[in-house]
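Structure first, then comments.
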Amino acid sequence: MVIILRALLMAVSVASVLTACTVKPSAPAPVEVTVPYSAAMAKAVAEVPSLDDIFSLTPEQQAEFLQYFNSAQLQDMPRHKRLYSFLEQHTAGFNYLGQNYTAREAYANKSGNCISLAVLTKALADIAGIPIEFQTIISAPVYSMKNDYMLSSDHVRTFLYDPDFVPEKGVIYFGKPRVVVDYLPSSGDLTGPRISEKTFIAMFYRNLAADAAVATKYSQSLALLKEALEYDSHYSSVINLVAVVHRRLQRPELAEQFYQYGLDVAANKATLIGNYAMLKFGAGEAEQAEAMLQSLLELEEYDPYLWFLLGQTATSKQRYEDAVSYFSKAAEQAPYVHQLQLELAAALYRNQQFDKAGEVLAAAAALAPTESTRQRYDAKLQALKLYQSRH
């Protein structure tokens with residue numbers, strides 16, 4: 001589980017256009033895009049955990065795990081399943097709002113967030129010699145507001161592969177035997193991409209940096225973000241937080257440089273564009289900011305909860321037409337999520353599209369998971385019909 005700081009909005013990068021010619025030129029060397037220089041980040045001094053600090057267990061913890069893992073009664077169980085069985089005993093206290101713990105802290109407390117559990121899984125897998133892989137999950141995030149930040153939590157799961165698997169000759173396999181370690185599985189989860197170990201490490205440092213930023217410990221946050229960039233300098237979430245922290249340090253010119261850099265190198269640009277637009281609004285460049293927000297609608301990023309967040313932002317600014325566009329995109333990408341239908345209906349109502357709002361409310365009621373929720377949606381629908389009949 002990861003914590004993503006979103007400061008609220010983001011931008012258009014200038015794309016070069018190549019014209020065709022009759023003689024095919026030699027391919028130009030790719031232009032190296034370097035991370036912008038920040039003296040504040042370069043000079044930031046704070047306690048930053050090493051990889052050993054993050055992934056190692058105490059001798060006592062290792063001994064306890066190995067006693068279980070090597071017990072005689074489990075020797076007929078494949079090694080990756082033995083590890084999974086051990087982890088089942090350590091997951092009860094983990095949730096979206098848990099702490100960002102190292103492996104030894106997560107082991108000792110039997111709690112933490114999803115990233116903490118993935119850290120613990122990797123630590124145990126390294127001891128047992130079990131290959132692992134990480135995958136992001138696009139899940140309905142938990143939102144909270146702290147110190148004028150909007151925080152959202154998302155989710156990482158881990159695959160444990162059978163290290164002793166030997167393919168049988170003449171048999172076609174579609175993948176190695178594996179088990180999925182997913183601490184908060186949901187039928188509504190949308191799977192995201194697999195991520196490298198380096199990106200996963202950058203996520204952990206980013207989480208610690210987010211905690212520091214919320215606590216207004218900006219030097220500590222920048223020191224952690226500097227480490228995160230060493231592991232994945234193209235990771236949009238890290239770049240976004242770097243820009244947000246510089247904005248809080250009253251360095252908008254550096255924040256802009258990092259937003260521009262992110263738009264050049266990051267795969268996921270929507271949050272960067274949104275936050276960059278807010279920076280432009282604050283600088284009085286409303287026309288550019290409006291263009292950036294409009295460009296968001298042209299992106300094809302598959303993350304309905306990002307569009308949900310942008311819809312909430314537009315609603316808070318009474319930009320109801322934009323809110324309809326954002327919530328429509330969210331509902332289109334996850335049509336089975338009734339809360340998105342409800343938010344879209346509310347935006348349509350505020351935008352005085354009453355007939356369409358009624359249609360969407362009816363769809364939300366049909367998707368409601370409980371009778372009480374369905375009745376609540378039906379009541380809203382009847383209230384809307386009554387309003388229309390009187391106007």
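Identifiers in this document derive from the order of the structure tokens: chains are assigned A, B, ..., residues are numbered from 1 separately in each chain, and ligands are numbered from 1 in order of occurrence.
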
Backbone-only DSSP, helix (DSSP H, G or I) members of segment 117-297 of chain A, as a VMD selection string: chain A and resid 117 to 128 197 to 214 218 to 231 236 to 248 252 to 265 270 to 282 286 to 296

Counting only C-alpha atoms, figure out which residue out of A:Leu254, A:Leu344, A:Leu381, A:Ala212 gets nearest to Ala46 of chain A. A:Ala212

Residues at most 6 Å from segment 98-100 of chain A, counting only C-alpha atoms, excluding those fewer than 5 positions away in the same chain, as an MDAnalysis selection string? chainID A and resid 112:113 116

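Note that the spacing between atom CA of Trp307 of chain A and atom CA of Ala266 of chain A amounts to 18.1 Å.
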
Just how far from atom CA of Met292 of chain A is atom CA of Gly262 of chain A, in Å to one decimal?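 Going from atom CA of Gly262 of chain A over to atom CA of Met292 of chain A covers 14.3 Å.
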
Mind listing the strand (DSSP E) residues of segment 107-331 of chain A, per DSSP on the backbone, as an mmCIF file with C-alpha atoms, in the first residue's frame?
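Wrote it out as states00.cif, contents follow:
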data_model
loop_
_atom_site.group_PDB
_atom_site.id
_atom_site.type_symbol
_atom_site.label_atom_id
_atom_site.label_comp_id
_atom_site.auth_asym_id
_atom_site.auth_seq_id
_atom_site.Cartn_x
_atom_site.Cartn_y
_atom_site.Cartn_z
ATOM 1 C CA SER A 111 0.889 -4.338 11.473
ATOM 2 C CA GLY A 112 1.592 -1.642 8.940
ATOM 3 C CA ILE A 132 9.231 -12.519 -5.897
ATOM 4 C CA GLU A 133 7.617 -9.865 -8.049
ATOM 5 C CA PHE A 134 5.592 -6.764 -7.237
ATOM 6 C CA GLN A 135 2.431 -5.498 -8.899
ATOM 7 C CA THR A 136 0.451 -2.332 -8.314
ATOM 8 C CA ILE A 137 -3.294 -2.536 -7.776
ATOM 9 C CA ILE A 138 -5.649 0.294 -8.689
ATOM 10 C CA TYR A 143 -8.683 9.844 1.240
ATOM 11 C CA SER A 144 -7.694 12.123 4.068
ATOM 12 C CA MET A 145 -6.697 15.742 4.508
ATOM 13 C CA LYS A 146 -3.657 16.678 6.572
ATOM 14 C CA TYR A 149 -2.516 17.973 1.645
ATOM 15 C CA MET A 150 -4.884 15.521 0.059
ATOM 16 C CA LEU A 151 -3.523 12.036 0.688
ATOM 17 C CA SER A 152 -4.603 8.892 -1.074
ATOM 18 C CA SER A 153 -3.496 5.349 -0.387
ATOM 19 C CA ASP A 154 -3.077 2.714 -3.030
ATOM 20 C CA HIS A 155 -1.992 -0.849 -3.048
ATOM 21 C CA VAL A 156 0.830 -3.227 -3.973
ATOM 22 C CA ARG A 157 0.656 -7.012 -3.987
ATOM 23 C CA THR A 158 3.443 -9.566 -4.185
ATOM 24 C CA PHE A 159 3.861 -12.771 -6.177
ATOM 25 C CA LEU A 160 5.830 -15.615 -4.594
ATOM 26 C CA TYR A 161 7.154 -18.089 -7.185
ATOM 27 C CA ARG A 178 3.011 -18.936 -7.707
ATOM 28 C CA VAL A 179 0.907 -17.632 -4.854
ATOM 29 C CA VAL A 180 -0.362 -14.086 -4.556
ATOM 30 C CA VAL A 181 0.227 -12.255 -1.306
ATOM 31 C CA LEU A 190 -8.101 -3.294 -10.985
ATOM 32 C CA THR A 191 -4.650 -4.729 -11.641
ATOM 33 C CA GLY A 192 -1.900 -2.330 -12.586
ATOM 34 C CA PRO A 193 1.551 -2.969 -14.044
ATOM 35 C CA ARG A 194 4.318 -5.095 -12.579
ATOM 36 C CA ILE A 195 7.026 -2.920 -11.077
#

Would you mind reading off the distance between atom CA of Leu348 of chain A and atom CA of Leu306 of chain A, one decimal, in Å? 18.8 Å

Considering only C-alpha atoms, return as a VMD selection string whatever protein or nucleic-acid residues lie within 6 Å of segment 199-211 of chain A, sequence-local ones (same chain, fewer than 2 positions apart) excluded. chain A and resid 3 196 to 197 213 to 214 221 224 228 231 to 232 238
